[in-house]
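Q: Just dropping this structure here.
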Amino acid sequence: MFPRSVRLLACAYVFLAFSAAHAPAGAASPDQITDEKVHARVAALLKQMTLEEKIGQLSQQFVFGKPDEVEDAVAKGQLGSLLFVTDPAVINQLQHVAVEKTRLHIPLIFGYDVIHGFRTIFPVPIGMAASWDPSVEEKGQTIAAQEASSVGINWAFAPMLDIARDPRWGRMVEGAGEDPYLGSAMAAAQVRGFQGPYIGSPEHILACMKHFAGYGAAEGGRDYDASYIPEDQMWNVYLQPFHAAVKAGVGSAMSAYMDLNDVPATGNRWLLEDVLRKDWGFNGFVVSDADAVKNLKTHGFAKDLSDAAVRGLNAGVDMEMSLGPGAYRQTLAAAVTGGKVTVAQIDEAAGRVLAAKIRLGLFEHPYVDEARSKQILAMPEHRTAERLAAERTAVLLRNEGHLLPLKPGANHSIAVIGPTADSQLDTLGSWAFQQDLNETVTLLTGIRSKAGAGTEVSYTSGVQIKRKFPSFFDQIFHVPPSPEWSPEQAAQEIQKAVDLARNSDVTILVLGEAQNMSGEAASRESLDLPGKEQQLLEAVAATGKPIVLVLMNGRPLDIRWASTHVPAILEAWYPGTQGGNAVADLLFGDAVPGGKLSFAWPRDAGQIPINYAHNTTFQPENQARRYWDEESTPLYPFGYGLSYSTFSFSNVKVSQPSVRVGQSLDVTADVENTGDTTADEVAQLYIHQQYGSTSRPVRVLKGFTRVTIPAHQKTTVRFPLTPEDLRYWSTATRDWVQDPSDFDVWVGGDSTADLHASFAVTP
Ligand code: BGC
């Protein structure tokens with residue numbers, strides 16, 4: 001049905017992707033071990049290994065408590081990897097057991113959830129994506145890798161690449177939002193940050209893209225529940241960031257927990273073999289999510305533990321992550337004897353794990369320098385980089401009457417109000433365990449030190465928010481629940497906050513969610529401000545005094561009331577170790593907000609999903625035919641974010657009015673800073689294919705660049721559009737296609753950009 005050239009293009013693309021996956025991510029280095037040497041060493045090892053030793057390489061276990069609980073299994077070669085050990089002394093102790101006591105001296109690989117930092121905690125990933133600056137991601141994960149590797153961690157269970165279009169899903173906080181193009185850029189940047197120019201680069205670690213794949217589409221936003229994703233959405237949306245990570249050379253992948261179209265991701269051969277290995281040429285190894293192999297029975301998929309192990313391995317899961325002794329460790333040897341899996345399959349899986357250990361240089365350098373780790377973890381430049389990252393991630397949602405930035409010296413008294421404004425833990429976000437809470441700068445502390453001696457800064461929490469309790473990690477780390485206020489005290493505290501606001505020149509109201517209210521197993525059915533926050537907001541606003549609302553959260557919340565009643569709203573996410581200083585820099589104008597939303601912000605949960613790249617149908621202009629009881633547009637569009645300056649876009653041009661299938665073109669536009677402040681704008685390119693083999697979305701992002709422009713100056717941005725940008729997976733052909741068609745192009749500061757041009761693609 002489609003011209004041969006298009007199909008050839010698709011084949012060429014697969015070939016290129018394959019070559020890229022096998023090529024080192026960066027420039028070749030003399031220190032980098034060659035593929036030939038890796039393969040030879042793997043083959044030599046496998047030749048000497050018993051079946052049990054090979055299965056040991058496929059087994060990974062958590063260590064939450066005492067290391068001696070796993071020592072025996074390590075000494076017997078029954079475990080090839082451990083996770084959640086972070087003390088360098090313990091890592092060395094266990095590594096000595098592996099290297100000295102096992103027959104073949106094979107080192108362990110230590111994994112950990114290094115998601116948004118290790119000791120220096122960076123903004124949560126949904127915030128990092130809001131920087132629209134891949135170099136911020138790359139730098140953040142480079143620092144995280146350096147810190148984690150200094151204690152002996154070799155492997156990060158990140159980046160998390162799940163597209164999230166349902167903010168009820170708590171794990172939205174861990175990803176880059178709703179868009180495959182932005183998500184892909186952030187994915188590749190994180191892989192580069194973790195792994196460096198090649199796997200085994202000094203002070204870098206192995207990355208693990210997760211959760212492969214489709215986890216973000218969990219039904220009802222309920223964590224772990226099944227996903228049903230049509231094939232074209234799978235290819236065009238959900239798989240895109242993973243493919244980008246493979247092209248960037250990611251060394252491992254984690255299979256997801258949930259059912260994908262009725263086949264669990266961890267038992268899904270289509271995902272792990274056909275797509276990941278055959279189509280994309282991924283040559284790393286696959287680890288299951290925690291206990292996901294055993295869960296194949298829970299799904300109603302595997303018959304028993306042994307069947308679960310067989311189906312996991314047959315699907316392409318090389319290593320099983322397990323809370324205790326796993327299904328692989330307990331049953332795979334018998335499965336080989338029983339003819340359910342072959343030794344060749346075990347060799348292939350064990351070979352992939354061993355190859356990663358060889359590439360990482362673990363055989364040569366199994367131990368870690370405990371003294372050096374202390375120096376690395378204390379590096380002040382890591383905190384500076386974190387502060388800059390947090391500044392670049394914040395999104396200014398509203399700024400009526402230029403309330404922000406606060407004028408130095410203009411306010412003699414500032415009220416800081418809100419339950420998380422002085423909470424170190426809540427400044428950090430959901431995947432933070434190795435932080436030093438004492439060095440974490442809360443918003444109150446940051447504002448106090450920025451405001452200076454002449455300004456009185458007073459604080460009260462106003463309300464309590466009931467932390468989600470007990471979360472999985474609260475249980476592990478024995479976090480006690482906080483005592484709840486009585487109704488009388490709750491009323492008094494709100495009154496206290498109102499009085500404080502009334503007696504202050506300006507109020508900074510910090511609302512949102514406690515740190516553990518988003519993340520794993522932290523889905524919500526409503527997007528309401530939690531607890532009595534809405535009541536506090538309205539009571540404080542009723543004073544008529546100027547209010548700046550600062551949000552700390554990992555998902556959009558229902559802020560419809562605030563969006564019309566509060567003059568200034570700054571989305572700060574969970575901004576990390578230096579978060580309070582960064583937010584203070586932004587509030588007082590030492591930094592200018594330039595972040596943009598990586599998702600469309602719904603008015604309330606009833607609008608979900610409301611992603612910008614939707615298709616259009618009957619009477620699109622007739623909005624009342626969508627919802628009669630609420631607008632059908634989001635509160636804030638994808639890509640949106642204000643600045644202390646203003647920008648105007650003009651002069652959009654396409655390099656050619658018409659190109660052939662397979663040819664590239666350029667789009668250029670001018671961006672002018674029309675204000676008095678040097679500031680950043682994120683120029684965004686959207687396209688719309690007017691007709692094709694299937695209906696195409698109203699617009700899709702195909703380019704972006706964050707530029708700093710001095711006041712009253714202009715710059716030209718240029719976006720290349722390649723055939724790859726113009727193709728898509730078509731359900732009509734069940735293949736990648738590039739259609740001859742007419743295209744709209746828009747360039748601007750968010751997904752509602754109206755500066756328009758067009759071009760055609762001819763056969
Ligand atoms: C999560 C993964 C995480 C793993 C190890 C699982 O419950 O889904 O994202 O990497 O635990 O902590």
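Chains: A, B, ... in order of the structure tokens. Residues: from 1 per chain. Ligands: from 1, in order shown.
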Select the residues contacting ligand 1 at a distance of at most 8 Å, based on only C-alpha atoms and all ligand atoms, then format the selection as a count of residues only.

A: 16

Q: Tell me, as a ChimeraX atom specification, which residues lie within 6 Å of segment 499-509 of chain A, counting only C-alpha atoms; anything in the same chain fewer than 5 positions away does not count.

A: /A:411,413-418,543,546-549

Q: Could you dump the residues just selected with C-alpha atoms as an mmCIF file, in the first residue's frame?

A:
data_model
loop_
_atom_site.group_PDB
_atom_site.id
_atom_site.type_symbol
_atom_site.label_atom_id
_atom_site.label_comp_id
_atom_site.auth_asym_id
_atom_site.auth_seq_id
_atom_site.Cartn_x
_atom_site.Cartn_y
_atom_site.Cartn_z
ATOM 1 C CA ASN A 411 8.568 44.191 52.303
ATOM 2 C CA SER A 413 7.461 41.587 57.008
ATOM 3 C CA ILE A 414 6.931 38.331 55.178
ATOM 4 C CA ALA A 415 4.625 35.564 56.340
ATOM 5 C CA VAL A 416 5.597 32.066 55.275
ATOM 6 C CA ILE A 417 2.659 29.725 55.735
ATOM 7 C CA GLY A 418 2.167 26.078 54.864
ATOM 8 C CA THR A 543 -7.269 39.029 54.068
ATOM 9 C CA PRO A 546 -0.674 40.048 48.490
ATOM 10 C CA ILE A 547 -0.154 36.304 48.290
ATOM 11 C CA VAL A 548 2.367 34.215 46.416
ATOM 12 C CA LEU A 549 1.394 30.573 46.200
#

Q: What's the 7 Å shell around Pro88 of chain A, counting only C-alpha atoms, without same-chain residues fewer than 5 positions away, as an mmCIF file with all heavy atoms, in the first residue's frame?

A:
data_model
loop_
_atom_site.group_PDB
_atom_site.id
_atom_site.type_symbol
_atom_site.label_atom_id
_atom_site.label_comp_id
_atom_site.auth_asym_id
_atom_site.auth_seq_id
_atom_site.Cartn_x
_atom_site.Cartn_y
_atom_site.Cartn_z
ATOM 1 N N VAL A 151 30.328 5.166 46.744
ATOM 2 C CA VAL A 151 30.073 4.233 47.856
ATOM 3 C C VAL A 151 30.060 2.783 47.380
ATOM 4 O O VAL A 151 29.862 1.865 48.172
ATOM 5 C CB VAL A 151 28.755 4.552 48.611
ATOM 6 C CG1 VAL A 151 28.735 5.969 49.130
ATOM 7 C CG2 VAL A 151 27.526 4.255 47.755
ATOM 8 N N GLY A 152 30.243 2.570 46.094
ATOM 9 C CA GLY A 152 30.309 1.197 45.589
ATOM 10 C C GLY A 152 29.071 0.748 44.824
ATOM 11 O O GLY A 152 28.941 -0.428 44.489
ATOM 12 N N VAL A 368 35.706 -0.479 46.825
ATOM 13 C CA VAL A 368 35.528 0.963 46.793
ATOM 14 C C VAL A 368 36.373 1.604 47.896
ATOM 15 O O VAL A 368 36.596 0.990 48.938
ATOM 16 C CB VAL A 368 34.013 1.274 46.920
ATOM 17 C CG1 VAL A 368 33.478 0.884 48.277
ATOM 18 C CG2 VAL A 368 33.718 2.692 46.610
ATOM 19 N N GLU A 370 36.613 3.782 50.746
ATOM 20 C CA GLU A 370 35.641 4.373 51.683
ATOM 21 C C GLU A 370 35.977 5.820 52.049
ATOM 22 O O GLU A 370 35.086 6.644 52.207
ATOM 23 C CB GLU A 370 35.569 3.520 52.955
ATOM 24 C CG GLU A 370 34.959 2.162 52.690
ATOM 25 C CD GLU A 370 35.103 1.198 53.851
ATOM 26 O OE1 GLU A 370 34.959 1.631 55.007
ATOM 27 O OE2 GLU A 370 35.384 0.008 53.598
#

Q: At a cut-off of 12 Å, can you tabulate as a tab-separated table every residue of segment 373-486 of chain A near segment 579-598 of chain A together with its closest atom pair and the distance in Å to one decimal, using only C-alpha atoms and ordering rows by chain then number?

A:
residue	atom	partner	partner_atom	distance
A:Arg383	CA	A:Gly579	CA	9.9
A:Thr384	CA	A:Ala582	CA	9.8
A:Ala385	CA	A:Ala582	CA	10.7
A:Glu386	CA	A:Gly579	CA	8.1
A:Arg387	CA	A:Ala582	CA	5.3
A:Leu388	CA	A:Ala582	CA	7.0
A:Ala389	CA	A:Ala582	CA	8.5
A:Ala390	CA	A:Ala582	CA	5.9
A:Glu391	CA	A:Ala582	CA	5.3
A:Arg392	CA	A:Gly595	CA	5.8
A:Thr393	CA	A:Gly595	CA	5.0
A:Ala394	CA	A:Gly595	CA	5.3
A:Val395	CA	A:Gly595	CA	4.6
A:Leu396	CA	A:Pro593	CA	6.1
A:Leu397	CA	A:Lys596	CA	9.0
A:Arg398	CA	A:Pro593	CA	11.2
A:Asn399	CA	A:Pro593	CA	11.2
A:His402	CA	A:Gly589	CA	11.5
A:Leu403	CA	A:Leu587	CA	9.6
A:Leu404	CA	A:Leu587	CA	6.3
A:Pro405	CA	A:Gly589	CA	4.9
A:Leu406	CA	A:Phe588	CA	4.9
A:Lys407	CA	A:Phe588	CA	6.6
A:Pro408	CA	A:Phe588	CA	6.9
A:Gly409	CA	A:Phe588	CA	10.3
A:Ala410	CA	A:Phe588	CA	10.9
A:Asn411	CA	A:Phe588	CA	11.0
A:Val416	CA	A:Ala584	CA	11.7
A:Thr420	CA	A:Gly580	CA	11.3
A:Ala421	CA	A:Gly580	CA	8.8
A:Asp422	CA	A:Gly580	CA	9.1
A:Ser423	CA	A:Gly580	CA	10.3
A:Gln424	CA	A:Gly580	CA	9.4
A:Leu425	CA	A:Gly579	CA	11.2
A:Asp426	CA	A:Gly579	CA	10.3
A:Thr427	CA	A:Gly579	CA	6.5
A:Leu428	CA	A:Gly579	CA	7.8
A:Gly429	CA	A:Gly579	CA	10.7
A:Glu439	CA	A:Gly579	CA	10.7
A:Thr440	CA	A:Gly579	CA	7.6
A:Val441	CA	A:Gly580	CA	4.9
A:Thr442	CA	A:Gly580	CA	4.5
A:Leu443	CA	A:Gly580	CA	3.8
A:Leu444	CA	A:Gly580	CA	6.8
A:Thr445	CA	A:Gly580	CA	6.3
A:Gly446	CA	A:Gly580	CA	4.2
A:Ile447	CA	A:Ala584	CA	5.0
A:Arg448	CA	A:Ala584	CA	8.5
A:Ser449	CA	A:Asn581	CA	8.1
A:Lys450	CA	A:Ala584	CA	6.3
A:Ala451	CA	A:Phe588	CA	8.2
A:Gly452	CA	A:Phe588	CA	11.3

Q: So that I can check the surroundings of segment 522-527 of chain A, please list as an NGL selection string every protein, DNA and RNA residue that reaches within 7 Å of it, counting only C-alpha atoms and ignoring chain neighbours fewer than 2 positions away.

A: :A and (168-170 or 221-223 or 517-520 or 529 or 557-558 or 604-605)

Q: Restricted to C-alpha atoms, what would the selected residues look like written as a tab-separated table (two decimals), in the first residue's frame?

A:
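Okay, out16.tsv is ready:
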chain	number	residue	atom	x	y	z
A	168	ARG	CA	-3.77	10.17	39.51
A	169	TRP	CA	-0.92	7.73	38.96
A	170	GLY	CA	1.57	8.50	41.73
A	221	GLY	CA	-4.24	5.60	37.47
A	222	ARG	CA	-4.12	2.82	40.08
A	223	ASP	CA	-0.53	1.79	40.63
A	517	MET	CA	1.85	11.35	48.56
A	518	SER	CA	3.20	10.78	45.07
A	519	GLY	CA	5.60	8.07	43.99
A	520	GLU	CA	5.25	4.32	44.08
A	529	LEU	CA	-5.30	20.11	47.54
A	557	LEU	CA	-3.46	19.52	41.62
A	558	ASP	CA	-6.86	21.15	41.35
A	604	ASP	CA	-9.72	18.48	37.88
A	605	ALA	CA	-9.48	14.70	37.79

Q: Taking only C-alpha atoms into account, name the residue in A:Leu272, A:Ile346, A:Val717, A:Leu206 that is nearest to Ser59 of chain A.

A: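 So, comparing all the options, the nearest one is A:Ile346.
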
Q: Which is closest to Ala356 of chain A among A:Gly65, A:Gly251, A:Gly183, A:Pro620, if we use only C-alpha atoms?

A: A:Gly251

Q: Any chance you could list, as a PyMOL selection string, the residues in segment 222-408 of chain A that come up alpha helix (DSSP H) when DSSP is run on the backbone?

A: chain A and resi 231-233+240-247+269+295-298+305-315+327-337+343-359+370-377+380-393

Q: Select, from A:Leu537, A:Ile205, A:Ala432, A:Val353, the residue with the minimum atom-to-atom distance to Asn283 of chain A, counting only C-alpha atoms.

A: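 Of the candidates, the smallest distance to Asn283 of chain A is held by A:Val353.
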
Q: Just want the 8 Å neighbourhood of Asn154 of chain A, counted on only C-alpha atoms, with same-chain residues fewer than 4 positions away dropped. Output as an MDAnalysis selection string.

A: chainID A and resid 109:111 148:149 204:206 360

Q: Neighbours of Leu635 of chain A within 12 Å (only C-alpha atoms; same-chain residues fewer than 5 positions away dropped), as a list of chain:residue names?

A: A:Leu397, A:Arg398, A:Pro556, A:Leu557, A:Asp558, A:Ile559, A:Arg560, A:Trp561, A:Ala562, A:Ser563, A:Thr564, A:Leu597, A:Phe599, A:Ala600, A:Trp601, A:Pro602, A:Arg603, A:Asp604, A:Ala605, A:Gln607, A:Ile610, A:Asn611, A:Tyr612, A:Glu630, A:Tyr640

Q: Residues of the last selection are to be written out with N, CA, C and O atoms, as a compact mmCIF listing (two decimals), in the first residue's frame.

A:
# COMPACT_ATOMS: atom_id res chain seq x y z
N LEU A 397 3.37 29.94 37.01
CA LEU A 397 2.05 29.69 36.41
C LEU A 397 1.22 30.97 36.30
O LEU A 397 0.34 31.08 35.45
N ARG A 398 1.48 31.92 37.18
CA ARG A 398 0.65 33.14 37.18
C ARG A 398 1.44 34.25 37.86
O ARG A 398 2.17 33.98 38.83
N PRO A 556 -0.03 17.46 38.97
CA PRO A 556 -0.88 18.66 38.98
C PRO A 556 -2.01 18.48 39.98
O PRO A 556 -2.53 17.38 40.14
N LEU A 557 -2.36 19.56 40.63
CA LEU A 557 -3.46 19.52 41.62
C LEU A 557 -4.57 20.45 41.14
O LEU A 557 -4.36 21.28 40.25
N ASP A 558 -5.73 20.30 41.73
CA ASP A 558 -6.86 21.15 41.35
C ASP A 558 -6.65 22.54 41.97
O ASP A 558 -6.94 22.76 43.15
N ILE A 559 -6.14 23.46 41.15
CA ILE A 559 -5.89 24.81 41.67
C ILE A 559 -6.76 25.82 40.89
O ILE A 559 -6.34 26.95 40.65
N ARG A 560 -7.95 25.37 40.50
CA ARG A 560 -8.83 26.28 39.75
C ARG A 560 -9.11 27.55 40.54
O ARG A 560 -9.08 28.65 40.01
N TRP A 561 -9.38 27.41 41.82
CA TRP A 561 -9.71 28.58 42.63
C TRP A 561 -8.50 29.52 42.72
O TRP A 561 -8.60 30.72 42.47
N ALA A 562 -7.36 28.92 43.02
CA ALA A 562 -6.14 29.74 43.13
C ALA A 562 -5.83 30.44 41.82
O ALA A 562 -5.36 31.58 41.80
N SER A 563 -6.12 29.78 40.70
CA SER A 563 -5.73 30.33 39.40
C SER A 563 -6.50 31.60 39.05
O SER A 563 -6.14 32.29 38.10
N THR A 564 -7.56 31.88 39.79
CA THR A 564 -8.26 33.14 39.54
C THR A 564 -8.24 34.08 40.76
O THR A 564 -8.59 35.23 40.65
N LEU A 597 5.72 23.44 31.64
CA LEU A 597 5.06 22.19 32.03
C LEU A 597 5.35 21.07 31.02
O LEU A 597 5.30 21.31 29.81
N PHE A 599 3.41 18.53 30.94
CA PHE A 599 2.09 17.89 30.82
C PHE A 599 1.05 19.00 30.80
O PHE A 599 1.32 20.11 31.26
N ALA A 600 -0.10 18.68 30.24
CA ALA A 600 -1.21 19.63 30.30
C ALA A 600 -1.82 19.51 31.71
O ALA A 600 -2.07 18.41 32.18
N TRP A 601 -2.03 20.65 32.34
CA TRP A 601 -2.48 20.68 33.74
C TRP A 601 -4.01 20.64 33.76
O TRP A 601 -4.66 21.61 33.35
N PRO A 602 -4.60 19.53 34.20
CA PRO A 602 -6.07 19.44 34.14
C PRO A 602 -6.73 20.36 35.16
O PRO A 602 -6.12 20.74 36.15
N ARG A 603 -7.98 20.71 34.87
CA ARG A 603 -8.74 21.51 35.84
C ARG A 603 -9.09 20.65 37.04
O ARG A 603 -8.99 21.09 38.17
N ASP A 604 -9.52 19.43 36.77
CA ASP A 604 -9.72 18.48 37.88
C ASP A 604 -9.62 17.07 37.31
O ASP A 604 -9.42 16.89 36.10
N ALA A 605 -9.75 16.09 38.20
CA ALA A 605 -9.48 14.70 37.79
C ALA A 605 -10.45 14.22 36.71
O ALA A 605 -10.11 13.34 35.92
N GLN A 607 -11.21 15.46 33.99
CA GLN A 607 -10.76 15.72 32.62
C GLN A 607 -9.72 14.72 32.11
O GLN A 607 -9.37 14.74 30.93
N ILE A 610 -6.03 14.47 29.36
CA ILE A 610 -6.23 15.75 28.65
C ILE A 610 -4.95 16.15 27.93
O ILE A 610 -4.63 17.33 27.78
N ASN A 611 -4.18 15.15 27.48
CA ASN A 611 -2.92 15.43 26.81
C ASN A 611 -3.15 16.25 25.55
O ASN A 611 -4.15 16.08 24.86
N TYR A 612 -2.18 17.11 25.26
CA TYR A 612 -2.37 18.06 24.15
C TYR A 612 -2.40 17.36 22.80
O TYR A 612 -3.05 17.82 21.86
N GLU A 630 -17.94 21.66 32.34
CA GLU A 630 -16.59 22.17 32.59
C GLU A 630 -15.95 22.41 31.23
O GLU A 630 -16.34 21.81 30.23
N TYR A 640 3.58 25.16 28.91
CA TYR A 640 3.31 26.51 29.43
C TYR A 640 4.23 26.88 30.59
O TYR A 640 4.60 26.04 31.41

Q: Please list as a PyMOL selection string every residue within 10 Å of Leu313 of chain A, counting only C-alpha atoms and excluding residues in the same chain fewer than 3 positions away.

A: chain A and resi 58+266-267+269+286+293+307-310+316-320+328+332+341+345-346+349

Q: Counting only C-alpha atoms, figure out which residue out of A:Asp742, A:Ala89, A:Ala40, A:Ile106 gets nearest to Lys76 of chain A.

A: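 When distances to Lys76 of chain A are compared using only C-alpha atoms, the smallest one comes from A:Ile106.
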
Q: Counting only C-alpha atoms, which of A:Gly544, A:Pro657, A:Pro634, A:Pro366 gets nearest to Ile91 of chain A?

A: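 Comparing A:Gly544, A:Pro657, A:Pro634, A:Pro366 against Ile91 of chain A, the winner is A:Pro366.
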
Q: Identify, with DSSP run on backbone atoms, the residues in segment 628-701 of chain A assigned to strand (DSSP E), and express the list as a PyMOL selection string.

A: chain A and resi 647-654+658-660+665-673+679-689+700-701

Q: Can those selected residues be exported to a file as an mmCIF file, in the first residue's frame so that it contains C-alpha atoms?

A:
data_model
loop_
_atom_site.group_PDB
_atom_site.id
_atom_site.type_symbol
_atom_site.label_atom_id
_atom_site.label_comp_id
_atom_site.auth_asym_id
_atom_site.auth_seq_id
_atom_site.Cartn_x
_atom_site.Cartn_y
_atom_site.Cartn_z
ATOM 1 C CA PHE A 647 8.677 37.170 24.599
ATOM 2 C CA SER A 648 7.309 37.467 21.136
ATOM 3 C CA PHE A 649 7.737 35.034 18.261
ATOM 4 C CA SER A 650 7.783 36.145 14.632
ATOM 5 C CA ASN A 651 9.082 35.465 11.159
ATOM 6 C CA VAL A 652 8.494 31.725 11.028
ATOM 7 C CA LYS A 653 9.920 30.191 7.847
ATOM 8 C CA VAL A 654 10.251 26.742 6.377
ATOM 9 C CA SER A 658 7.624 21.213 -0.332
ATOM 10 C CA VAL A 659 9.908 18.222 0.204
ATOM 11 C CA ARG A 660 9.818 14.627 -0.970
ATOM 12 C CA LEU A 665 13.752 20.613 5.971
ATOM 13 C CA ASP A 666 14.360 23.366 8.502
ATOM 14 C CA VAL A 667 11.990 25.625 10.380
ATOM 15 C CA THR A 668 13.288 28.924 11.717
ATOM 16 C CA ALA A 669 11.671 31.680 13.762
ATOM 17 C CA ASP A 670 12.714 34.789 15.643
ATOM 18 C CA VAL A 671 12.234 35.063 19.387
ATOM 19 C CA GLU A 672 12.424 38.480 20.960
ATOM 20 C CA ASN A 673 12.747 39.266 24.625
ATOM 21 C CA ALA A 679 15.501 35.711 30.702
ATOM 22 C CA ASP A 680 15.008 32.263 29.210
ATOM 23 C CA GLU A 681 12.346 31.186 26.773
ATOM 24 C CA VAL A 682 11.739 27.637 25.583
ATOM 25 C CA ALA A 683 11.002 27.865 21.883
ATOM 26 C CA GLN A 684 8.800 24.939 20.864
ATOM 27 C CA LEU A 685 8.008 23.522 17.448
ATOM 28 C CA TYR A 686 4.742 21.689 16.845
ATOM 29 C CA ILE A 687 3.550 20.026 13.665
ATOM 30 C CA HIS A 688 0.238 18.687 12.423
ATOM 31 C CA GLN A 689 -0.135 16.260 9.547
ATOM 32 C CA VAL A 700 2.798 17.086 18.217
ATOM 33 C CA LEU A 701 6.054 18.474 19.588
#

Q: Give the answer as one residue: which of A:Ala539, A:Ala164, A:Ala43, A:Ala490 has the shortest atom-to-atom distance to Arg555 of chain A, using only C-alpha atoms?

A: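 Looking at the shortest contact to Arg555 of chain A, the residue is A:Ala164.
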